[in-house]
>>> print(open('run.cif').read())   # mmCIF, C-alpha atoms and all ligand atoms
data_data
loop_
_atom_site.label_atom_id
_atom_site.label_comp_id
_atom_site.auth_asym_id
_atom_site.auth_seq_id
_atom_site.Cartn_x
_atom_site.Cartn_y
_atom_site.Cartn_z
CA MET N 33 -5.49 24.45 10.86
CA ALA N 34 -2.22 23.34 12.45
CA THR N 35 0.55 23.82 9.90
CA MET N 36 3.47 21.43 9.98
CA HIS N 37 6.60 21.49 7.95
CA ALA N 38 6.33 18.81 5.25
CA MET N 39 9.78 17.23 5.12
CA GLU N 40 11.00 15.06 2.28
CA PRO N 41 11.56 11.35 2.88
CA SER N 42 15.18 10.24 3.08
CA PRO N 43 16.69 7.49 0.96
CA ALA N 44 17.41 5.24 4.00
CA LEU N 45 16.07 1.80 3.08
CA LEU N 46 16.57 -0.92 5.65
CA PRO N 47 17.01 -4.63 4.76
CA ALA N 48 14.48 -7.42 5.20
CA PRO N 49 13.46 -8.65 7.65
CA ALA N 50 13.11 -5.71 10.02
CA ARG N 51 14.76 -5.79 13.44
CA ALA N 52 12.43 -5.80 16.41
CA ASP N 53 13.37 -2.19 17.26
CA ASP N 54 13.41 -0.74 13.74
CA PRO N 55 11.14 2.27 13.18
CA ILE N 56 7.53 1.28 12.71
CA GLY N 57 4.74 2.50 10.43
CA VAL N 58 1.39 3.96 11.43
CA TYR N 59 -1.52 2.95 9.19
CA ILE N 60 -4.77 4.90 9.50
CA HIS N 61 -7.78 3.56 7.63
CA VAL N 62 -10.48 5.88 6.33
CA PRO N 63 -13.41 3.60 5.39
CA PHE N 64 -15.57 6.02 3.40
CA CYS N 65 -16.06 6.37 -0.36
CA ALA N 66 -18.28 8.63 -2.42
CA HIS N 67 -19.55 5.51 -4.15
CA ILE N 68 -18.53 1.86 -4.16
CA CYS N 69 -16.67 0.59 -7.22
CA PRO N 70 -18.06 -2.71 -8.58
CA TYR N 71 -14.80 -4.64 -8.00
CA CYS N 72 -14.12 -3.29 -4.51
CA ASP N 73 -13.50 -5.72 -1.69
CA PHE N 74 -11.93 -3.25 0.77
CA THR N 75 -13.39 -2.21 4.10
CA THR N 76 -15.26 0.85 2.93
CA TYR N 77 -18.77 2.27 2.98
CA GLY N 78 -20.67 4.53 0.60
CA GLY N 79 -23.15 7.16 1.77
CA GLN N 80 -21.74 7.26 5.31
CA GLU N 81 -19.82 10.51 5.04
CA HIS N 82 -21.94 12.04 7.82
CA LEU N 83 -19.98 9.76 10.19
CA ILE N 84 -16.64 11.34 9.27
CA PRO N 85 -16.41 13.95 12.11
CA ARG N 86 -17.24 11.29 14.70
CA TYR N 87 -14.82 8.87 13.07
CA VAL N 88 -11.97 11.41 13.01
CA ALA N 89 -12.48 12.04 16.74
CA ALA N 90 -12.42 8.29 17.41
CA VAL N 91 -9.24 7.82 15.36
CA GLU N 92 -7.54 10.62 17.30
CA SER N 93 -8.53 9.06 20.65
CA ASP N 94 -7.32 5.66 19.44
CA ILE N 95 -3.96 7.08 18.37
CA ARG N 96 -3.55 8.97 21.64
CA LYS N 97 -4.24 5.79 23.60
CA ARG N 98 -2.42 3.11 21.59
CA GLY N 99 0.34 5.42 20.34
CA THR N 100 1.60 5.90 23.89
CA ASP N 101 1.98 2.14 24.30
CA LEU N 102 4.85 1.60 21.90
CA ASN N 103 7.66 1.04 24.40
CA GLY N 104 10.01 3.58 22.89
CA LEU N 105 9.57 2.54 19.24
CA THR N 106 9.78 5.42 16.78
CA ALA N 107 7.76 5.66 13.56
CA GLU N 108 9.21 6.44 10.14
CA THR N 109 5.98 6.45 8.16
CA VAL N 110 2.32 7.39 8.45
CA TYR N 111 -0.10 6.16 5.80
CA LEU N 112 -3.67 7.38 5.42
CA GLY N 113 -5.35 4.69 3.31
CA GLY N 114 -8.85 3.68 2.46
CA GLY N 115 -11.48 3.94 1.33
CA THR N 116 -10.92 7.50 0.26
CA PRO N 117 -8.88 9.53 2.77
CA SER N 118 -9.13 12.57 0.53
CA LEU N 119 -12.81 12.81 1.55
CA LEU N 120 -11.42 14.23 4.81
CA GLU N 121 -11.11 17.98 5.12
CA PRO N 122 -7.51 19.19 5.41
CA GLU N 123 -8.27 20.32 8.99
CA GLN N 124 -9.28 16.74 9.83
CA VAL N 125 -6.07 15.35 8.32
CA ALA N 126 -4.08 17.96 10.24
CA SER N 127 -5.68 17.06 13.55
CA ILE N 128 -5.12 13.32 12.99
CA LEU N 129 -1.46 13.96 12.17
CA LEU N 130 -1.20 16.21 15.22
CA ALA N 131 -2.47 13.32 17.38
CA VAL N 132 0.23 11.13 15.80
CA ARG N 133 2.97 13.67 16.44
CA ASP N 134 1.77 14.26 20.02
CA THR N 135 1.95 10.59 20.94
CA VAL N 136 4.35 8.80 18.59
CA THR N 137 7.97 9.81 18.08
CA LEU N 138 8.21 10.39 14.33
CA THR N 139 11.59 10.39 12.62
CA ALA N 140 12.52 13.83 11.25
CA ASP N 141 12.27 12.59 7.67
CA ALA N 142 9.06 10.58 8.12
CA GLU N 143 7.20 9.63 4.95
CA ILE N 144 3.57 10.70 5.33
CA THR N 145 1.38 9.34 2.55
CA MET N 146 -2.25 9.98 1.76
CA GLU N 147 -4.28 8.12 -0.86
CA ALA N 148 -6.40 10.37 -3.06
CA ASN N 149 -8.82 9.97 -5.91
CA PRO N 150 -8.12 12.22 -8.87
CA THR N 151 -11.29 14.29 -8.77
CA SER N 152 -11.05 18.03 -9.12
CA ALA N 153 -12.61 18.57 -5.68
CA GLU N 154 -9.87 16.52 -4.04
CA ALA N 155 -7.04 17.93 -6.16
CA GLY N 156 -8.14 21.40 -5.09
CA ARG N 157 -7.24 20.48 -1.52
CA PHE N 158 -3.74 19.09 -2.20
CA ALA N 159 -1.93 22.26 -1.06
CA ALA N 160 -3.86 22.22 2.20
CA TYR N 161 -3.04 18.54 2.74
CA ARG N 162 0.61 19.37 2.25
CA ASP N 163 0.32 22.17 4.81
CA ALA N 164 -1.26 19.58 7.12
CA GLY N 165 1.95 17.52 6.95
CA VAL N 166 1.34 15.07 4.09
CA ASN N 167 4.49 14.74 1.94
CA ARG N 168 3.54 11.88 -0.41
CA LEU N 169 0.39 11.36 -2.45
CA SER N 170 -0.82 8.05 -3.84
CA ILE N 171 -3.31 8.82 -6.60
CA GLY N 172 -5.81 6.17 -7.70
CA ALA N 173 -5.61 6.59 -11.48
CA GLN N 174 -6.43 2.88 -12.27
CA THR N 175 -6.29 3.47 -16.04
CA PHE N 176 -6.21 6.35 -18.52
CA ASP N 177 -8.62 4.50 -20.80
CA ARG N 178 -12.19 5.78 -20.78
CA ARG N 179 -13.73 2.33 -21.34
CA GLY N 180 -11.51 0.94 -18.62
CA LEU N 181 -12.64 3.62 -16.17
CA LEU N 182 -16.25 2.82 -17.05
CA ALA N 183 -15.67 -0.92 -16.64
CA LEU N 184 -14.10 -0.26 -13.25
CA GLY N 185 -16.98 2.03 -12.29
CA ARG N 186 -14.68 4.95 -11.54
CA LEU N 187 -16.09 8.44 -11.32
CA HIS N 188 -13.16 10.32 -12.85
CA GLU N 189 -11.92 10.82 -16.40
CA ALA N 190 -8.40 10.23 -17.66
CA GLU N 191 -7.77 13.99 -17.85
CA ASP N 192 -8.59 14.27 -14.15
CA THR N 193 -5.57 12.13 -13.31
CA THR N 194 -3.26 14.35 -15.33
CA ALA N 195 -4.82 17.41 -13.70
CA ALA N 196 -4.41 15.83 -10.25
CA ILE N 197 -0.69 15.20 -10.80
CA ALA N 198 -0.31 18.79 -12.01
CA ALA N 199 -2.16 20.00 -8.91
CA ALA N 200 0.12 17.87 -6.71
CA ARG N 201 3.19 19.43 -8.32
CA ALA N 202 1.74 22.92 -7.98
CA ALA N 203 1.15 22.17 -4.29
CA GLY N 204 4.83 21.24 -3.91
CA PHE N 205 4.62 17.44 -3.80
CA THR N 206 7.84 15.86 -5.08
CA ASN N 207 6.82 12.32 -4.19
CA VAL N 208 3.76 11.14 -6.10
CA SER N 209 2.68 7.57 -6.70
CA LEU N 210 0.07 6.36 -9.18
CA ASP N 211 -2.06 3.25 -8.86
CA LEU N 212 -2.95 1.42 -12.06
CA ILE N 213 -5.01 -1.75 -12.48
CA PHE N 214 -4.43 -4.26 -15.25
CA GLY N 215 -6.70 -7.07 -16.39
CA TRP N 216 -9.90 -5.02 -16.39
CA PRO N 217 -12.79 -6.27 -18.55
CA GLY N 218 -11.95 -5.81 -22.21
CA GLN N 219 -8.39 -4.66 -21.65
CA ARG N 220 -5.96 -5.49 -24.46
CA PRO N 221 -2.17 -5.17 -24.45
CA ASP N 222 -2.35 -1.94 -26.47
CA HIS N 223 -4.58 -0.41 -23.76
CA LEU N 224 -1.99 -1.20 -21.11
CA ALA N 225 0.80 0.04 -23.38
CA ARG N 226 -1.02 3.38 -23.64
CA ASP N 227 -1.47 3.56 -19.88
CA LEU N 228 2.25 3.00 -19.39
CA GLU N 229 3.02 5.57 -22.06
CA MET N 230 0.96 8.12 -20.09
CA VAL N 231 3.00 7.32 -16.98
CA LEU N 232 6.43 7.28 -18.63
CA HIS N 233 6.01 9.99 -21.25
CA PRO N 234 3.43 12.54 -20.14
CA ALA N 235 3.14 15.96 -21.77
CA THR N 236 5.79 17.39 -19.43
CA THR N 237 8.37 15.60 -17.29
CA ALA N 238 6.86 17.20 -14.18
CA LEU N 239 3.83 14.96 -14.70
CA GLU N 240 5.90 11.78 -14.50
CA PRO N 241 5.24 10.21 -11.08
CA GLU N 242 8.00 8.96 -8.79
CA HIS N 243 6.32 5.63 -8.10
CA LEU N 244 3.88 3.22 -9.70
CA SER N 245 1.77 0.46 -8.19
CA LEU N 246 0.32 -1.87 -10.82
CA TYR N 247 -2.22 -4.31 -9.46
CA SER N 248 -3.84 -7.20 -11.24
CA LEU N 249 -7.62 -6.95 -11.06
CA ILE N 250 -8.89 -9.64 -8.74
CA VAL N 251 -12.56 -10.40 -9.22
CA GLU N 252 -13.55 -11.07 -5.63
CA PRO N 253 -16.59 -13.27 -4.95
CA GLY N 254 -19.62 -11.32 -3.81
CA THR N 255 -18.75 -8.10 -5.66
CA PRO N 256 -21.01 -6.75 -8.44
CA MET N 257 -18.17 -7.37 -10.89
CA ALA N 258 -18.05 -11.06 -9.94
CA ASP N 259 -21.77 -11.21 -10.66
CA GLY N 260 -21.24 -9.61 -14.09
CA VAL N 261 -18.44 -12.07 -14.90
CA ALA N 262 -20.52 -15.06 -13.71
CA ARG N 263 -23.42 -13.98 -15.93
CA GLY N 264 -21.16 -13.52 -18.95
CA ILE N 265 -21.81 -9.77 -19.18
CA LEU N 266 -18.17 -8.95 -18.43
CA GLN N 267 -15.13 -10.79 -19.80
CA VAL N 268 -11.88 -10.40 -17.91
CA PRO N 269 -8.55 -11.55 -19.36
CA ASP N 270 -7.78 -15.18 -18.48
CA ASP N 271 -4.64 -16.11 -16.51
CA ASP N 272 -2.44 -16.38 -19.61
CA ALA N 273 -3.62 -13.03 -20.97
CA ALA N 274 -3.10 -11.42 -17.55
CA ALA N 275 0.42 -12.90 -17.37
CA ASP N 276 1.15 -11.40 -20.81
CA LEU N 277 -0.05 -8.00 -19.60
CA TYR N 278 2.19 -8.22 -16.54
CA ASP N 279 5.11 -9.24 -18.73
CA LEU N 280 4.46 -6.25 -20.99
CA ALA N 281 4.51 -3.93 -17.97
CA MET N 282 7.76 -5.41 -16.67
CA ARG N 283 9.47 -5.03 -20.04
CA THR N 284 8.18 -1.51 -20.71
CA LEU N 285 9.01 -0.13 -17.28
CA GLY N 286 12.35 -1.93 -17.21
CA GLU N 287 13.34 -0.47 -20.59
CA ALA N 288 12.45 2.97 -19.26
CA GLY N 289 14.87 2.42 -16.38
CA TRP N 290 12.28 2.05 -13.62
CA LEU N 291 13.19 -0.16 -10.68
CA HIS N 292 10.88 -3.16 -10.23
CA TYR N 293 11.52 -3.45 -6.52
CA GLU N 294 8.40 -5.37 -5.45
CA VAL N 295 6.01 -7.72 -7.23
CA ALA N 296 3.48 -4.97 -8.00
CA ASN N 297 5.58 -1.86 -7.46
CA TRP N 298 8.10 0.19 -9.41
CA ALA N 299 10.11 3.27 -8.44
CA ARG N 300 11.58 5.82 -10.83
CA VAL N 301 14.67 5.97 -8.60
CA ALA N 302 15.59 3.66 -5.73
CA ASP N 303 14.93 6.14 -2.91
CA ARG N 304 11.34 6.66 -4.03
CA GLN N 305 10.27 3.17 -3.02
CA SER N 306 7.31 3.19 -0.66
CA ARG N 307 8.94 3.20 2.74
CA HIS N 308 5.63 2.44 4.41
CA ASN N 309 4.89 -0.64 2.33
CA ARG N 310 8.49 -1.79 2.75
CA ILE N 311 7.73 -2.10 6.46
CA TYR N 312 5.04 -4.67 5.60
CA TRP N 313 7.32 -6.56 3.22
CA ARG N 314 10.12 -6.47 5.80
CA ASN N 315 7.71 -8.12 8.23
CA GLY N 316 8.08 -5.08 10.45
CA ASN N 317 5.89 -3.47 13.07
CA TYR N 318 3.02 -1.16 12.28
CA LEU N 319 0.20 0.28 14.27
CA GLY N 320 -3.20 -0.24 12.61
CA ILE N 321 -5.68 2.47 13.49
CA GLY N 322 -9.31 2.63 12.36
CA ALA N 323 -12.17 0.43 11.18
CA GLY N 324 -10.90 -2.79 9.62
CA ALA N 325 -7.26 -1.73 9.94
CA PHE N 326 -4.66 -4.44 10.48
CA GLY N 327 -1.70 -3.81 12.74
CA ARG N 328 1.24 -5.80 13.96
CA ILE N 329 3.33 -4.90 16.97
CA GLY N 330 5.69 -7.60 18.21
CA ALA N 331 3.85 -10.91 18.37
CA HIS N 332 0.38 -9.35 18.22
CA ARG N 333 -1.66 -8.86 15.07
CA THR N 334 -4.82 -6.80 15.46
CA MET N 335 -7.77 -5.93 13.26
CA GLY N 336 -10.06 -2.98 14.00
CA HIS N 337 -13.83 -3.49 14.08
CA PRO N 338 -14.80 -3.41 10.38
CA SER N 339 -17.86 -1.23 10.94
CA PRO N 340 -17.01 2.45 11.49
CA ARG N 341 -20.03 2.79 13.81
CA THR N 342 -18.91 -0.13 15.97
CA TYR N 343 -15.35 1.18 15.97
CA CYS N 344 -16.50 4.65 17.07
CA THR N 345 -18.79 3.25 19.77
CA ALA N 346 -15.98 1.09 21.15
CA ILE N 347 -13.66 4.08 21.39
CA GLU N 348 -16.38 6.28 22.93
CA GLN N 349 -17.23 3.63 25.52
CA GLY N 350 -13.61 2.86 26.33
CA THR N 351 -13.74 -0.72 25.09
CA ALA N 352 -11.31 -2.38 22.66
CA PRO N 353 -11.56 -0.97 19.11
CA THR N 354 -10.20 -4.24 17.75
CA ALA N 355 -12.37 -7.10 16.51
CA SER N 356 -9.57 -9.64 16.76
CA THR N 357 -6.10 -10.10 18.18
CA GLU N 358 -3.87 -12.95 17.02
CA THR N 359 -0.66 -14.08 18.63
CA ILE N 360 1.97 -14.66 15.96
CA THR N 361 4.18 -17.58 16.90
CA GLU N 362 7.89 -17.28 16.21
CA GLU N 363 7.58 -20.14 13.71
CA LEU N 364 4.83 -18.34 11.79
CA SER N 365 6.82 -15.11 11.91
CA ARG N 366 9.83 -16.80 10.27
CA GLY N 367 7.61 -18.10 7.46
CA GLU N 368 6.04 -14.67 7.02
CA THR N 369 9.49 -13.12 6.81
CA MET N 370 10.18 -15.30 3.77
CA MET N 371 6.73 -14.88 2.21
CA LEU N 372 6.89 -11.10 2.49
CA GLY N 373 10.62 -10.48 2.07
CA LEU N 374 10.88 -12.40 -1.21
CA ARG N 375 8.38 -9.95 -2.67
CA LEU N 376 11.21 -7.40 -2.49
CA LEU N 377 12.74 -8.38 -5.81
CA GLU N 378 16.04 -6.51 -5.42
CA ASP N 379 16.65 -6.91 -1.70
CA GLY N 380 15.09 -10.29 -1.01
CA VAL N 381 15.71 -11.73 2.46
CA SER N 382 19.05 -10.92 4.06
CA ARG N 383 20.82 -13.78 5.87
CA ALA N 384 22.29 -11.41 8.48
CA ALA N 385 18.98 -9.62 9.08
CA PHE N 386 17.15 -12.96 9.36
CA ALA N 387 19.59 -14.22 12.01
CA GLU N 388 19.39 -10.95 13.93
CA ARG N 389 15.59 -10.84 13.86
CA HIS N 390 14.84 -14.50 14.48
CA GLY N 391 17.84 -15.65 16.51
CA VAL N 392 18.52 -18.58 14.20
CA SER N 393 20.26 -18.84 10.84
CA LEU N 394 18.22 -19.00 7.67
CA ASP N 395 20.11 -22.15 6.65
CA ALA N 396 19.47 -23.92 9.94
CA TRP N 397 15.75 -23.16 10.03
CA PHE N 398 14.84 -23.42 6.36
CA ALA N 399 17.47 -25.85 4.99
CA GLU N 400 15.04 -27.98 2.96
CA PRO N 401 12.81 -25.20 1.55
CA LEU N 402 15.93 -23.23 0.57
CA ARG N 403 17.31 -26.21 -1.33
CA HIS N 404 13.92 -26.78 -2.96
CA VAL N 405 13.34 -23.22 -4.23
CA VAL N 406 16.91 -22.81 -5.50
CA ALA N 407 16.91 -26.24 -7.20
CA ASN N 408 13.63 -25.35 -8.94
CA GLY N 409 15.12 -22.14 -10.29
CA TRP N 410 12.65 -20.06 -8.27
CA ALA N 411 15.23 -18.24 -6.18
CA ILE N 412 18.87 -17.21 -6.35
CA ASP N 413 21.17 -17.62 -3.39
CA HIS N 414 23.51 -14.62 -3.49
CA GLY N 415 25.33 -15.67 -0.35
CA ASP N 416 24.31 -12.64 1.69
CA ARG N 417 20.66 -12.84 0.62
CA LEU N 418 18.02 -14.81 -1.24
CA THR N 419 15.97 -13.26 -4.06
CA LEU N 420 13.26 -14.49 -6.40
CA THR N 421 14.07 -15.27 -10.04
CA PRO N 422 11.70 -14.13 -12.82
CA ARG N 423 10.43 -17.73 -12.88
CA GLY N 424 9.92 -17.65 -9.13
CA LEU N 425 7.99 -14.42 -9.54
CA MET N 426 5.51 -16.24 -11.78
CA VAL N 427 4.94 -18.99 -9.19
CA ALA N 428 5.24 -16.79 -6.11
CA ASN N 429 2.46 -18.70 -4.31
CA ASP N 430 4.38 -21.99 -4.62
CA VAL N 431 7.52 -20.29 -3.35
CA CYS N 432 5.68 -18.92 -0.34
CA ALA N 433 4.08 -22.28 0.35
CA ALA N 434 7.55 -23.81 0.63
CA PHE N 435 8.28 -21.63 3.68
CA LEU N 436 4.91 -21.67 5.45
S1 LIG O 1 -12.38 4.16 -4.41
FE1 LIG O 1 -11.14 2.37 -3.81
S2 LIG O 1 -11.81 1.85 -1.75
FE2 LIG O 1 -13.38 3.18 -2.65
S3 LIG O 1 -14.90 1.81 -3.52
FE3 LIG O 1 -13.48 2.32 -5.16
S4 LIG O 1 -11.91 0.68 -5.08
FE4 LIG O 1 -13.04 0.61 -3.15
#
>>> encode(input="run.cif", output="structure tokens", more="lines below")
Ligand code: SF4
Amino acid sequence: MATMHAMEPSPALLPAPARADDPIGVYIHVPFCAHICPYCDFTTYGGQEHLIPRYVAAVESDIRKRGTDLNGLTAETVYLGGGTPSLLEPEQVASILLAVRDTVTLTADAEITMEANPTSAEAGRFAAYRDAGVNRLSIGAQTFDRRGLLALGRLHEAEDTTAAIAAARAAGFTNVSLDLIFGWPGQRPDHLARDLEMVLHPATTALEPEHLSLYSLIVEPGTPMADGVARGILQVPDDDAAADLYDLAMRTLGEAGWLHYEVANWARVADRQSRHNRIYWRNGNYLGIGAGAFGRIGAHRTMGHPSPRTYCTAIEQGTAPTASTETITEELSRGETMMLGLRLLEDGVSRAAFAERHGVSLDAWFAEPLRHVVANGWAIDHGDRLTLTPRGLMVANDVCAAFL
């Protein structure tokens, strides 16, 4: 296995929106899971693990081809997401990252994240992933409640998450994020309070993660969970109950001193924000590699063929691995800058960065929507930047609609 030095991410956090030549992100999608969770709506496939070697080879070819086409842009992040990237052997992760390093200029302090499920088999490979160059782990805990894990159809137990964080620490990871879901069937406020307690006050401080993503369960049509809800077998919290859960999380994490820097994301300290996801929220550039992966470079948005087989065949036959390419008009891009940038609750959208990126002042282009969102108490105009208010956070869709 190629061993690379796993450097720590730096605290450099750039404002929103991104400049056209700011460092980009590289997203690599791994569309395989050991089994499919009943609420899952991601591009992923169960029982297809035999395709992984072929898929890894295709991903490497794709990176080597499209990574050379970046016109001098450097990358500050690599993100292996899924699906379940930790189904890959460490050697496969190492060779994918080698393809990235061979073709894309990575900043010296690049943040290299891999999503992992907290099973013992995967945790046993954390040290090897770190040797492969991964320096940040995002662990899919979802909840520490046994009934919640059952309702979500997860294969792990609460103790596995604790053991996985311990394994990450033992492997030398100093940047660990946890994913939690709220609003699962049967969840009460005391369940969420216990989950947050496990995050904020684990048995030892070493087990406290640096970052937390807390997503509201969305029951997507066509999933087995949607069927269960439609037939009355499963009851999910209604909108008011879900809003109360979110409010509880904001209060609890805020009182513990965590930084609520994005709608669904908190950092223990400011420089542990997800630099990769900040590129999305800053409406920046990112290369999307793999089946179903979205990318955006300049005015072009791409989506990889959703089927891993089709994606592999396209790469092997030298045809386009993308199922669609959209041209993003400058007008749409300005709206997306607002929609995404306002999700950054501390930073918001910078007036200077907007003018530099879009060649027009925020006030000239969005005079009426600006007046509307401030007058409604949805946003605060700080002079140098615009941020959402707590009220605006609760009606984020209306705020976005004002700019699109
Ligand atoms: S592990 Fe994640 S990606 Fe895989 S099926 Fe479950 S929710 Fe979907």
>>> residues_near_ligand(input="run.cif", ligand="ligand LIG 1 (chain O)", cutoff="10 Å", atoms="all atoms listed in the file", output="PDB file with C-alpha atoms, in the frame of the given file")
ATOM      1  CA  VAL N  62     -10.480   5.880   6.330  1.00  0.00           C
ATOM      2  CA  PRO N  63     -13.410   3.600   5.390  1.00  0.00           C
ATOM      3  CA  PHE N  64     -15.570   6.020   3.400  1.00  0.00           C
ATOM      4  CA  CYS N  65     -16.060   6.370  -0.360  1.00  0.00           C
ATOM      5  CA  ALA N  66     -18.280   8.630  -2.420  1.00  0.00           C
ATOM      6  CA  HIS N  67     -19.550   5.510  -4.150  1.00  0.00           C
ATOM      7  CA  ILE N  68     -18.530   1.860  -4.160  1.00  0.00           C
ATOM      8  CA  CYS N  69     -16.670   0.590  -7.220  1.00  0.00           C
ATOM      9  CA  PRO N  70     -18.060  -2.710  -8.580  1.00  0.00           C
ATOM     10  CA  TYR N  71     -14.800  -4.640  -8.000  1.00  0.00           C
ATOM     11  CA  CYS N  72     -14.120  -3.290  -4.510  1.00  0.00           C
ATOM     12  CA  ASP N  73     -13.500  -5.720  -1.690  1.00  0.00           C
ATOM     13  CA  PHE N  74     -11.930  -3.250   0.770  1.00  0.00           C
ATOM     14  CA  THR N  75     -13.390  -2.210   4.100  1.00  0.00           C
ATOM     15  CA  THR N  76     -15.260   0.850   2.930  1.00  0.00           C
ATOM     16  CA  TYR N  77     -18.770   2.270   2.980  1.00  0.00           C
ATOM     17  CA  GLY N  78     -20.670   4.530   0.600  1.00  0.00           C
ATOM     18  CA  GLY N 113      -5.350   4.690   3.310  1.00  0.00           C
ATOM     19  CA  GLY N 114      -8.850   3.680   2.460  1.00  0.00           C
ATOM     20  CA  GLY N 115     -11.480   3.940   1.330  1.00  0.00           C
ATOM     21  CA  THR N 116     -10.920   7.500   0.260  1.00  0.00           C
ATOM     22  CA  PRO N 117      -8.880   9.530   2.770  1.00  0.00           C
ATOM     23  CA  GLU N 147      -4.280   8.120  -0.860  1.00  0.00           C
ATOM     24  CA  ALA N 148      -6.400  10.370  -3.060  1.00  0.00           C
ATOM     25  CA  ASN N 149      -8.820   9.970  -5.910  1.00  0.00           C
ATOM     26  CA  GLY N 172      -5.810   6.170  -7.700  1.00  0.00           C
ATOM     27  CA  GLN N 174      -6.430   2.880 -12.270  1.00  0.00           C
ATOM     28  CA  LEU N 184     -14.100  -0.260 -13.250  1.00  0.00           C
ATOM     29  CA  GLY N 185     -16.980   2.030 -12.290  1.00  0.00           C
ATOM     30  CA  ARG N 186     -14.680   4.950 -11.540  1.00  0.00           C
ATOM     31  CA  LEU N 187     -16.090   8.440 -11.320  1.00  0.00           C
TER      32      LEU N 187
END
>>> atom_distance(input="run.cif", atom1="CA of Val405 in chain N", atom2="CA of Leu418 in chain N")
10.1 Å
>>> closest_residue(input="run.cif", among="N:Gly380, N:Gly415, N:Gly320, N:Gly330", to="Pro49 in chain N", atoms="all atoms listed in the file")
N:Gly380
>>> closest_residue(input="run.cif", among="N:Arg300, N:Arg157, N:Arg283, N:His223", to="Leu244 in chain N", atoms="all atoms listed in the file")
N:Arg300
>>> closest_atom_pairs(input="run.cif", of="range 69-184 of chain N", to="range 331-343 of chain N", cutoff="12 Å", atoms="only C-alpha atoms", output="JSON lines")
{"residue": "N:Phe74", "atom": "CA", "partner": "N:Pro338", "partner_atom": "CA", "distance": 10.0}
{"residue": "N:Thr75", "atom": "CA", "partner": "N:Pro338", "partner_atom": "CA", "distance": 6.5}
{"residue": "N:Thr76", "atom": "CA", "partner": "N:Pro338", "partner_atom": "CA", "distance": 8.6}
{"residue": "N:Tyr77", "atom": "CA", "partner": "N:Pro340", "partner_atom": "CA", "distance": 8.7}
{"residue": "N:Gly78", "atom": "CA", "partner": "N:Pro340", "partner_atom": "CA", "distance": 11.7}
{"residue": "N:Gln80", "atom": "CA", "partner": "N:Pro340", "partner_atom": "CA", "distance": 9.1}
{"residue": "N:Glu81", "atom": "CA", "partner": "N:Pro340", "partner_atom": "CA", "distance": 10.7}
{"residue": "N:His82", "atom": "CA", "partner": "N:Arg341", "partner_atom": "CA", "distance": 11.2}
{"residue": "N:Leu83", "atom": "CA", "partner": "N:Arg341", "partner_atom": "CA", "distance": 7.9}
{"residue": "N:Ile84", "atom": "CA", "partner": "N:Pro340", "partner_atom": "CA", "distance": 9.2}
{"residue": "N:Pro85", "atom": "CA", "partner": "N:Pro340", "partner_atom": "CA", "distance": 11.5}
{"residue": "N:Arg86", "atom": "CA", "partner": "N:Arg341", "partner_atom": "CA", "distance": 9.0}
{"residue": "N:Tyr87", "atom": "CA", "partner": "N:Pro340", "partner_atom": "CA", "distance": 7.0}
{"residue": "N:Val88", "atom": "CA", "partner": "N:Pro340", "partner_atom": "CA", "distance": 10.4}
{"residue": "N:Ala89", "atom": "CA", "partner": "N:Tyr343", "partner_atom": "CA", "distance": 11.3}
{"residue": "N:Ala90", "atom": "CA", "partner": "N:Tyr343", "partner_atom": "CA", "distance": 7.8}
{"residue": "N:Val91", "atom": "CA", "partner": "N:Tyr343", "partner_atom": "CA", "distance": 9.0}
{"residue": "N:Ser93", "atom": "CA", "partner": "N:Tyr343", "partner_atom": "CA", "distance": 11.4}
{"residue": "N:Asp94", "atom": "CA", "partner": "N:Tyr343", "partner_atom": "CA", "distance": 9.8}
{"residue": "N:Arg98", "atom": "CA", "partner": "N:Thr334", "partner_atom": "CA", "distance": 11.9}
{"residue": "N:Gly115", "atom": "CA", "partner": "N:Pro340", "partner_atom": "CA", "distance": 11.7}
>>> closest_residue(input="run.cif", among="N:Ala411, N:Leu239, N:Val136, N:Ile60", to="Ala202 in chain N", atoms="all atoms listed in the file")
N:Leu239
>>> atom_distance(input="run.cif", atom1="CA of Val166 in chain N", atom2="CA of Asp227 in chain N")
26.7 Å
>>> closest_residue(input="run.cif", among="N:Phe435, N:Pro55, N:Gln124, N:Pro353", to="Arg403 in chain N", atoms="only C-alpha atoms")
N:Phe435
